$ cat run31.txt   # compact mmCIF, C-alpha atoms
# COMPACT_ATOMS: atom_id res chain seq x y z
CA MET A 102 10.80 67.95 -42.14
CA ARG A 103 13.77 65.81 -41.14
CA SER A 104 12.71 66.16 -37.51
CA ASN A 105 9.21 64.88 -38.30
CA LEU A 106 10.57 61.94 -40.26
CA TYR A 107 12.94 61.09 -37.42
CA SER A 108 10.06 61.20 -34.91
CA LEU A 109 7.95 58.90 -37.06
CA ALA A 110 10.86 56.48 -37.38
CA VAL A 111 11.31 56.40 -33.61
CA VAL A 112 7.59 55.78 -33.06
CA ALA A 113 7.62 52.97 -35.63
CA LEU A 114 10.64 51.39 -33.94
CA VAL A 115 9.00 51.55 -30.52
CA ILE A 116 5.79 50.00 -31.85
CA SER A 117 7.66 47.21 -33.65
CA THR A 118 9.81 46.52 -30.60
CA PHE A 119 7.22 46.67 -27.83
CA GLY A 120 3.75 46.88 -29.27
CA CYS A 121 3.62 43.70 -31.38
CA LYS A 122 5.03 41.19 -28.90
CA PRO A 123 2.47 38.81 -27.41
CA LYS A 124 1.88 39.28 -23.71
CA VAL A 125 3.84 36.62 -21.86
CA GLY A 126 3.14 35.29 -18.40
CA GLU A 127 4.44 32.47 -16.26
CA LEU A 128 3.05 29.12 -15.21
CA GLU A 129 4.39 27.74 -11.97
CA GLY A 130 3.75 24.17 -10.99
CA SER A 131 4.87 21.06 -9.19
CA VAL A 132 4.74 17.35 -9.97
CA PHE A 133 4.11 14.88 -7.17
CA ILE A 134 2.02 11.85 -6.30
CA VAL A 135 0.31 10.89 -3.07
CA THR A 136 0.81 7.28 -2.00
CA LYS A 137 -1.83 5.08 -0.41
CA GLY A 138 -0.17 5.87 2.90
CA ARG A 139 -0.85 9.58 2.24
CA GLU A 140 2.83 10.34 1.68
CA ASN A 141 3.69 13.11 -0.80
CA VAL A 142 6.40 11.98 -3.22
CA LYS A 143 8.02 14.87 -5.12
CA LEU A 144 9.05 13.92 -8.65
CA GLY A 145 12.27 15.59 -9.79
CA LEU A 146 13.85 15.68 -13.26
CA VAL A 147 10.47 15.23 -14.96
CA THR A 148 10.22 16.82 -18.40
CA VAL A 149 7.19 19.11 -18.58
CA ASN A 150 6.08 20.18 -22.07
CA LEU A 151 3.93 23.11 -23.11
CA HIS A 152 1.80 22.63 -26.26
CA ASP A 153 -0.66 24.65 -28.27
CA ALA A 154 -4.02 23.09 -27.34
CA LYS A 155 -5.48 23.12 -30.85
CA THR A 156 -2.44 21.42 -32.37
CA ALA A 157 -2.20 18.88 -29.56
CA ARG A 158 -5.86 17.91 -29.78
CA ALA A 159 -5.61 17.55 -33.55
CA SER A 160 -2.69 15.12 -33.10
CA VAL A 161 -4.65 13.04 -30.59
CA ARG A 162 -7.75 13.00 -32.82
CA SER A 163 -5.63 11.77 -35.73
CA PHE A 164 -4.28 8.92 -33.59
CA LEU A 165 -7.79 8.02 -32.34
CA VAL A 166 -9.12 7.91 -35.92
CA GLN A 167 -6.35 5.46 -36.82
CA LEU A 168 -7.08 3.37 -33.73
CA GLU A 169 -10.82 3.27 -34.46
CA THR A 170 -10.14 2.29 -38.07
CA GLN A 171 -7.87 -0.52 -36.89
CA ALA A 172 -10.50 -1.64 -34.37
CA ASN A 173 -13.16 -1.83 -37.07
CA ASP A 174 -10.85 -3.81 -39.35
CA VAL A 175 -10.06 -6.24 -36.53
CA ARG A 176 -13.76 -6.69 -35.71
CA VAL A 177 -14.53 -7.45 -39.37
CA GLU A 178 -11.73 -10.02 -39.57
CA ALA A 179 -12.17 -11.54 -36.10
CA THR A 180 -15.96 -11.96 -36.07
CA PRO A 181 -16.03 -14.84 -38.62
CA LEU A 182 -13.33 -16.61 -36.59
CA ALA A 183 -15.40 -16.32 -33.40
CA LEU A 184 -18.48 -17.63 -35.24
CA SER A 185 -16.41 -20.48 -36.64
CA VAL A 186 -15.34 -21.47 -33.12
CA GLN A 187 -18.98 -21.49 -32.03
CA LYS A 188 -19.94 -23.73 -34.95
CA LEU A 189 -17.04 -26.11 -34.35
CA CYS A 190 -17.98 -26.38 -30.67
CA ALA A 191 -21.57 -27.15 -31.67
CA ASP A 192 -20.27 -29.82 -34.09
CA ALA A 193 -18.11 -31.31 -31.31
CA LYS A 194 -20.98 -31.71 -28.82
CA PRO A 195 -22.65 -34.78 -30.43
CA ILE A 196 -19.22 -36.42 -30.76
CA ALA A 197 -18.57 -35.75 -27.05
CA ASP A 198 -22.00 -37.17 -26.15
CA GLU A 199 -21.25 -40.23 -28.26
CA TYR A 200 -17.89 -40.66 -26.51
CA ASP A 201 -19.56 -40.40 -23.08
CA ALA A 202 -21.91 -43.21 -24.07
CA ARG A 203 -19.30 -45.33 -25.87
CA PRO A 204 -15.70 -44.26 -25.07
CA THR A 205 -13.89 -46.01 -27.88
CA ALA A 206 -10.49 -45.06 -29.28
CA SER A 207 -12.04 -44.24 -32.66
CA ILE A 208 -14.55 -41.76 -31.22
CA ARG A 209 -11.88 -40.26 -28.98
CA GLY A 210 -9.68 -39.71 -32.05
CA ARG A 211 -12.51 -37.84 -33.80
CA LEU A 212 -13.07 -35.76 -30.67
CA GLU A 213 -9.38 -34.89 -30.33
CA ALA A 214 -9.23 -33.91 -34.01
CA LYS A 215 -12.20 -31.58 -33.50
CA ARG A 216 -10.54 -30.10 -30.40
CA GLU A 217 -7.37 -29.36 -32.37
CA GLU A 218 -9.44 -27.70 -35.09
CA ILE A 219 -11.25 -25.56 -32.50
CA ASN A 220 -7.99 -24.56 -30.81
CA LYS A 221 -6.36 -23.62 -34.13
CA VAL A 222 -9.19 -21.20 -34.97
CA THR A 223 -9.10 -19.95 -31.36
CA ARG A 224 -5.40 -19.14 -31.70
CA ASP A 225 -6.06 -17.40 -35.02
CA PHE A 226 -8.72 -15.27 -33.31
CA ASN A 227 -6.48 -14.39 -30.37
CA ASN A 228 -3.55 -13.53 -32.64
CA LYS A 229 -5.83 -11.30 -34.70
CA ILE A 230 -7.09 -9.24 -31.72
CA GLU A 231 -3.86 -9.06 -29.69
CA PRO A 232 -2.19 -6.13 -31.56
CA LEU A 233 -5.33 -4.04 -31.07
CA ASN A 234 -5.64 -5.07 -27.42
CA ARG A 235 -2.01 -4.10 -26.87
CA GLN A 236 -2.73 -0.61 -28.18
CA VAL A 237 -5.85 -0.28 -26.01
CA ARG A 238 -3.88 -1.37 -22.93
CA ASN A 239 -1.25 1.28 -23.77
CA TYR A 240 -3.87 3.88 -24.74
CA GLU A 241 -2.63 6.58 -22.36
CA ARG A 242 1.01 6.22 -23.38
CA LEU A 243 0.16 6.25 -27.10
CA CYS A 244 -2.04 9.35 -26.77
CA TYR A 245 0.76 11.07 -24.87
CA GLU A 246 3.31 10.16 -27.54
CA ALA A 247 0.99 11.40 -30.31
CA ILE A 248 1.43 14.96 -28.98
CA ARG A 249 4.72 16.25 -30.37
CA GLN A 250 6.64 19.47 -31.06
CA PRO A 251 6.17 21.33 -27.76
CA LEU A 252 6.34 25.10 -27.63
CA ALA A 253 8.61 24.82 -24.60
CA SER A 254 10.08 22.12 -22.34
CA VAL A 255 11.42 22.40 -18.80
CA LYS A 256 12.48 19.94 -16.11
CA THR A 257 11.29 19.80 -12.54
CA ASP A 258 13.81 20.51 -9.79
CA ALA A 259 14.56 18.25 -6.82
CA ASP A 260 11.31 19.41 -5.17
CA GLY A 261 9.26 18.56 -8.26
CA LYS A 262 8.72 22.24 -9.09
CA PHE A 263 8.87 23.85 -12.53
CA ARG A 264 8.33 27.21 -14.13
CA VAL A 265 7.58 27.92 -17.79
CA GLU A 266 6.80 31.09 -19.74
CA MET A 267 3.65 31.06 -21.86
CA PRO A 268 1.32 33.56 -23.55
CA ARG A 269 -1.15 35.16 -21.18
CA ASN A 270 -4.00 34.53 -23.61
CA GLY A 271 -5.00 31.34 -25.37
CA GLU A 272 -5.46 27.70 -24.41
CA PHE A 273 -2.54 25.35 -23.98
CA ILE A 274 -1.81 21.83 -22.83
CA ILE A 275 0.80 20.66 -20.35
CA THR A 276 2.16 17.13 -20.76
CA ALA A 277 4.46 15.17 -18.49
CA SER A 278 5.37 11.54 -17.95
CA THR A 279 7.50 9.65 -15.47
CA SER A 280 7.68 6.37 -13.58
CA ARG A 281 8.64 5.20 -10.13
CA ALA A 282 9.75 1.85 -8.71
CA VAL A 283 7.36 0.58 -6.06
CA GLY A 284 8.64 -2.67 -4.58
CA ASN A 285 9.24 -5.11 -7.43
CA ARG A 286 7.02 -3.25 -9.89
CA SER A 287 7.03 0.07 -11.71
CA GLU A 288 4.26 2.68 -11.65
CA GLU A 289 3.84 4.99 -14.66
CA TYR A 290 2.33 8.45 -14.39
CA ILE A 291 1.12 10.46 -17.39
CA TRP A 292 -0.43 13.93 -17.45
CA VAL A 293 -2.09 15.72 -20.37
CA VAL A 294 -3.78 18.73 -18.78
CA SER A 295 -5.43 21.83 -20.24
CA VAL A 296 -4.02 25.13 -18.93
CA SER A 297 -4.58 28.83 -19.51
CA LEU A 298 -3.35 31.98 -17.78
CA GLU A 299 -6.69 33.61 -18.68
CA GLY A 300 -4.96 36.92 -19.29
CA LYS A 301 -3.16 36.90 -15.94
CA GLN A 302 0.55 37.36 -15.43
CA ARG A 303 0.97 34.22 -13.35
CA ALA A 304 -0.87 30.99 -12.57
CA GLN A 305 -0.17 27.77 -10.71
CA ILE A 306 -0.84 24.13 -11.45
CA PHE A 307 -0.30 20.84 -9.62
CA LEU A 308 0.28 17.63 -11.55
CA SER A 309 -0.69 14.83 -9.18
CA ASN A 310 -3.02 11.86 -8.73
CA ASP A 311 -6.13 13.97 -9.26
CA ASN A 312 -5.43 14.94 -12.87
CA MET A 313 -3.42 12.03 -14.23
CA MET A 314 -4.76 10.46 -17.42
CA SER A 315 -5.77 7.41 -15.43
CA SER A 316 -8.09 9.56 -13.28
CA ASP A 317 -11.56 10.81 -14.17
CA SER A 318 -10.49 14.42 -13.75
CA PRO A 319 -12.17 16.97 -16.07
CA GLU A 320 -8.73 18.61 -16.30
CA SER A 321 -7.40 15.71 -18.36
CA ALA A 322 -7.41 16.69 -22.05
CA ILE A 323 -7.55 13.11 -23.37
CA PRO A 324 -10.92 11.39 -23.87
CA LYS A 325 -11.51 7.95 -22.43
CA PRO A 326 -11.19 5.11 -24.98
CA SER A 327 -14.43 4.42 -26.84
CA PHE A 328 -14.03 0.64 -26.54
CA GLN A 329 -12.47 -1.97 -24.28
CA PRO A 330 -10.00 -4.73 -25.25
CA LEU A 331 -11.64 -7.66 -27.02
CA GLU A 332 -11.93 -10.77 -24.86
CA PRO A 333 -9.58 -13.58 -25.97
CA LEU A 334 -11.01 -17.06 -26.43
CA LYS A 335 -9.80 -19.95 -24.27
CA GLU A 336 -8.36 -23.06 -25.82
CA MET A 337 -9.92 -26.40 -24.99
CA PRO A 338 -7.79 -28.66 -22.76
CA PRO A 339 -7.06 -32.27 -23.83
CA PHE A 340 -9.81 -34.77 -23.15
CA ARG A 341 -9.19 -37.14 -20.27

$ encode --input "run31.txt" --output "structure tokens"
Amino acid sequence: MRSNLYSLAVVALVISTFGCKPKVGELEGSVFIVTKGRENVKLGLVTVNLHDAKTARASVRSFLVQLETQANDVRVEATPLALSVQKLCADAKPIADEYDARPTASIRGRLEAKREEINKVTRDFNNKIEPLNRQVRNYERLCYEAIRQPLASVKTDADGKFRVEMPRNGEFIITASTSRAVGNRSEEYIWVVSVSLEGKQRAQIFLSNDNMMSSDSPESAIPKPSFQPLEPLKEMPPFR
């Protein structure tokens, strides 16, 4: 009896130790960009993050809902300002025609007053849309930053290579971001790429120009923005 109980205990221990662990594989990769001169630039010391795909996509969707809500609010508030500018410009046209026919100081004063009124509403419109436009211009960076709490993080070596353990089954997302000085400007590179070992022990991935967020690669896990920045209005110059 004791022998049977001991055997069962050993079997239970073996199952709990080896049978319940998820199967783990390894993702090997490298991070590099190809310049216009076709030179391969290896990117070392880049932090590469592994995320659960479902959690990462939920974080991005939450950010996009907030951005769309803000965009709708801005449209509601900015549209009357744009219409007001149109009306003020229409009101200014007969005064400008009158000034062309009879350029007196009195008419010029009325025209300048109307110009100042138009420019004030124009500035109000531009100030209203600028915060939204700033977010749209930084769309890729903000989507990248919305994805938090990685399952694992590693850094690339001097050759831009990395290696990270991950479950052999399931869908995941790899994120990475870095920048590089090119002349007197800086280039930023962001990757948010879907990955899966598909049950295999090992797989390989390259993070390069082809699957950056700025590309049209199907590998990129971030959708393109649903709207473009709103066009600012131009102020009227002083009348000569």

$ axis_aligned_box --input "run31.txt" --around "range 197-216 of chain A" --padding-each-side "8 Å" --output "JSON"
{"center_x": -15.6, "center_y": -38.1, "center_z": -28.5, "size_x": 28.8, "size_y": 31.9, "size_z": 26.9}

$ closest_residue --input "run31.txt" --among "A:Ser309, A:Ser185, A:Ser207, A:Asn234" --to "Gln329 in chain A" --atoms "only C-alpha atoms"
A:Asn234

$ residues_around --input "run31.txt" --residues "range 314-318 of chain A" --least-positions-apart "2" --cutoff "8 Å" --atoms "only C-alpha atoms" --output "PDB file with C-alpha atoms, in the coordinates of the input"
ATOM      1  CA  GLU A 241      -2.630   6.580 -22.360  1.00  0.00           C
ATOM      2  CA  TYR A 290       2.330   8.450 -14.390  1.00  0.00           C
ATOM      3  CA  ILE A 291       1.120  10.460 -17.390  1.00  0.00           C
ATOM      4  CA  TRP A 292      -0.430  13.930 -17.450  1.00  0.00           C
ATOM      5  CA  VAL A 293      -2.090  15.720 -20.370  1.00  0.00           C
ATOM      6  CA  ASN A 310      -3.020  11.860  -8.730  1.00  0.00           C
ATOM      7  CA  ASP A 311      -6.130  13.970  -9.260  1.00  0.00           C
ATOM      8  CA  ASN A 312      -5.430  14.940 -12.870  1.00  0.00           C
ATOM      9  CA  GLU A 320      -8.730  18.610 -16.300  1.00  0.00           C
ATOM     10  CA  SER A 321      -7.400  15.710 -18.360  1.00  0.00           C
ATOM     11  CA  ILE A 323      -7.550  13.110 -23.370  1.00  0.00           C
TER      12      ILE A 323
END

$ closest_atom_pairs --input "run31.txt" --of "range 230-277 of chain A" --to "range 139-161 of chain A" --cutoff "7 Å" --atoms "all atoms listed in the file" --output "CSV"
residue,atom,partner,partner_atom,distance
A:Cys244,CA,A:Val161,CA,5.9
A:Ala247,CA,A:Val161,CA,5.9
A:Ile248,CA,A:Ala157,CA,5.4
A:Pro251,CA,A:His152,CA,4.8
A:Leu252,CA,A:His152,CA,5.3
A:Ala253,CA,A:Leu151,CA,5.2
A:Ser254,CA,A:Asn150,CA,4.5
A:Val255,CA,A:Val149,CA,5.4
A:Lys256,CA,A:Thr148,CA,4.5
A:Thr257,CA,A:Leu146,CA,4.9
A:Asp258,CA,A:Gly145,CA,5.2
A:Ala259,CA,A:Gly145,CA,4.6
A:Asp260,CA,A:Lys143,CA,5.6
A:Gly261,CA,A:Gly145,CA,4.5
A:Glu272,CA,A:Ala154,CA,5.6
A:Phe273,CA,A:Ala154,CA,4.3
A:Ile274,CA,A:His152,CA,5.0
A:Ile275,CA,A:Leu151,CA,4.8
A:Thr276,CA,A:Asn150,CA,5.1
A:Ala277,CA,A:Val149,CA,4.8

$ write_last_selection --input "run31.txt" --atoms "C-alpha atoms" --output "compact mmCIF listing (two decimals), in the frame of the given file"
# COMPACT_ATOMS: atom_id res chain seq x y z
CA CYS A 244 -2.04 9.35 -26.77
CA ALA A 247 0.99 11.40 -30.31
CA ILE A 248 1.43 14.96 -28.98
CA PRO A 251 6.17 21.33 -27.76
CA LEU A 252 6.34 25.10 -27.63
CA ALA A 253 8.61 24.82 -24.60
CA SER A 254 10.08 22.12 -22.34
CA VAL A 255 11.42 22.40 -18.80
CA LYS A 256 12.48 19.94 -16.11
CA THR A 257 11.29 19.80 -12.54
CA ASP A 258 13.81 20.51 -9.79
CA ALA A 259 14.56 18.25 -6.82
CA ASP A 260 11.31 19.41 -5.17
CA GLY A 261 9.26 18.56 -8.26
CA GLU A 272 -5.46 27.70 -24.41
CA PHE A 273 -2.54 25.35 -23.98
CA ILE A 274 -1.81 21.83 -22.83
CA ILE A 275 0.80 20.66 -20.35
CA THR A 276 2.16 17.13 -20.76
CA ALA A 277 4.46 15.17 -18.49

$ atom_distance --input "run31.txt" --atom1 "CA of Ala304 in chain A" --atom2 "CA of Ile134 in chain A"
20.3 Å

$ atom_distance --input "run31.txt" --atom1 "CA of Asp174 in chain A" --atom2 "CA of Glu217 in chain A"
26.7 Å

$ residues_around --input "run31.txt" --residues "Arg264 in chain A" --least-positions-apart "2" --cutoff "9 Å" --atoms "all atoms listed in the file" --output "PyMOL selection string"
chain A and resi 127-131+255-257+262+266

$ write_last_selection --input "run31.txt" --atoms "C-alpha atoms" --output "PDB file, in the coordinates of the input"
ATOM      1  CA  GLU A 127       4.440  32.470 -16.260  1.00  0.00           C
ATOM      2  CA  LEU A 128       3.050  29.120 -15.210  1.00  0.00           C
ATOM      3  CA  GLU A 129       4.390  27.740 -11.970  1.00  0.00           C
ATOM      4  CA  GLY A 130       3.750  24.170 -10.990  1.00  0.00           C
ATOM      5  CA  SER A 131       4.870  21.060  -9.190  1.00  0.00           C
ATOM      6  CA  VAL A 255      11.420  22.400 -18.800  1.00  0.00           C
ATOM      7  CA  LYS A 256      12.480  19.940 -16.110  1.00  0.00           C
ATOM      8  CA  THR A 257      11.290  19.800 -12.540  1.00  0.00           C
ATOM      9  CA  LYS A 262       8.720  22.240  -9.090  1.00  0.00           C
ATOM     10  CA  GLU A 266       6.800  31.090 -19.740  1.00  0.00           C
TER      11      GLU A 266
END

$ atom_distance --input "run31.txt" --atom1 "CA of Arg249 in chain A" --atom2 "CA of Glu169 in chain A"
20.7 Å

$ closest_residue --input "run31.txt" --among "A:Lys137, A:Val265, A:Arg216, A:Phe340" --to "Asp201 in chain A" --atoms "only C-alpha atoms"
A:Phe340

$ closest_residue --input "run31.txt" --among "A:Arg238, A:Val175, A:Lys215, A:Gly210" --to "Asp192 in chain A" --atoms "all atoms listed in the file"
A:Lys215

$ closest_residue --input "run31.txt" --among "A:Arg303, A:Leu298, A:Glu178, A:Glu213" --to "Asn228 in chain A" --atoms "only C-alpha atoms"
A:Glu178

$ build_atoms --input "run31.txt" --residues "range 216-227 of chain A" --atoms "N, CA, C and O atoms" --output "compact mmCIF listing (two decimals), keeping the file's coordinate frame"
# COMPACT_ATOMS: atom_id res chain seq x y z
N ARG A 216 -11.11 -31.02 -31.38
CA ARG A 216 -10.54 -30.10 -30.40
C ARG A 216 -9.37 -29.33 -31.00
O ARG A 216 -9.24 -28.12 -30.81
N GLU A 217 -8.51 -30.02 -31.74
CA GLU A 217 -7.37 -29.36 -32.37
C GLU A 217 -7.83 -28.31 -33.38
O GLU A 217 -7.24 -27.22 -33.49
N GLU A 218 -8.91 -28.65 -34.10
CA GLU A 218 -9.44 -27.70 -35.09
C GLU A 218 -9.98 -26.45 -34.38
O GLU A 218 -9.75 -25.32 -34.83
N ILE A 219 -10.71 -26.69 -33.28
CA ILE A 219 -11.25 -25.56 -32.50
C ILE A 219 -10.12 -24.69 -31.97
O ILE A 219 -10.16 -23.46 -32.05
N ASN A 220 -9.09 -25.32 -31.42
CA ASN A 220 -7.99 -24.56 -30.81
C ASN A 220 -7.18 -23.79 -31.86
O ASN A 220 -6.66 -22.70 -31.58
N LYS A 221 -7.08 -24.35 -33.07
CA LYS A 221 -6.36 -23.62 -34.13
C LYS A 221 -7.09 -22.33 -34.48
O LYS A 221 -6.47 -21.25 -34.59
N VAL A 222 -8.41 -22.41 -34.65
CA VAL A 222 -9.19 -21.20 -34.97
C VAL A 222 -9.18 -20.24 -33.78
O VAL A 222 -9.13 -19.02 -33.95
N THR A 223 -9.18 -20.79 -32.56
CA THR A 223 -9.10 -19.95 -31.36
C THR A 223 -7.80 -19.17 -31.34
O THR A 223 -7.79 -17.97 -31.05
N ARG A 224 -6.69 -19.84 -31.66
CA ARG A 224 -5.40 -19.14 -31.70
C ARG A 224 -5.38 -18.08 -32.79
O ARG A 224 -4.82 -16.99 -32.62
N ASP A 225 -5.98 -18.39 -33.94
CA ASP A 225 -6.06 -17.40 -35.02
C ASP A 225 -6.83 -16.16 -34.55
O ASP A 225 -6.43 -15.02 -34.85
N PHE A 226 -7.92 -16.38 -33.84
CA PHE A 226 -8.72 -15.27 -33.31
C PHE A 226 -7.91 -14.43 -32.33
O PHE A 226 -7.87 -13.20 -32.42
N ASN A 227 -7.26 -15.10 -31.39
CA ASN A 227 -6.48 -14.39 -30.37
C ASN A 227 -5.31 -13.62 -30.98
O ASN A 227 -5.00 -12.50 -30.55
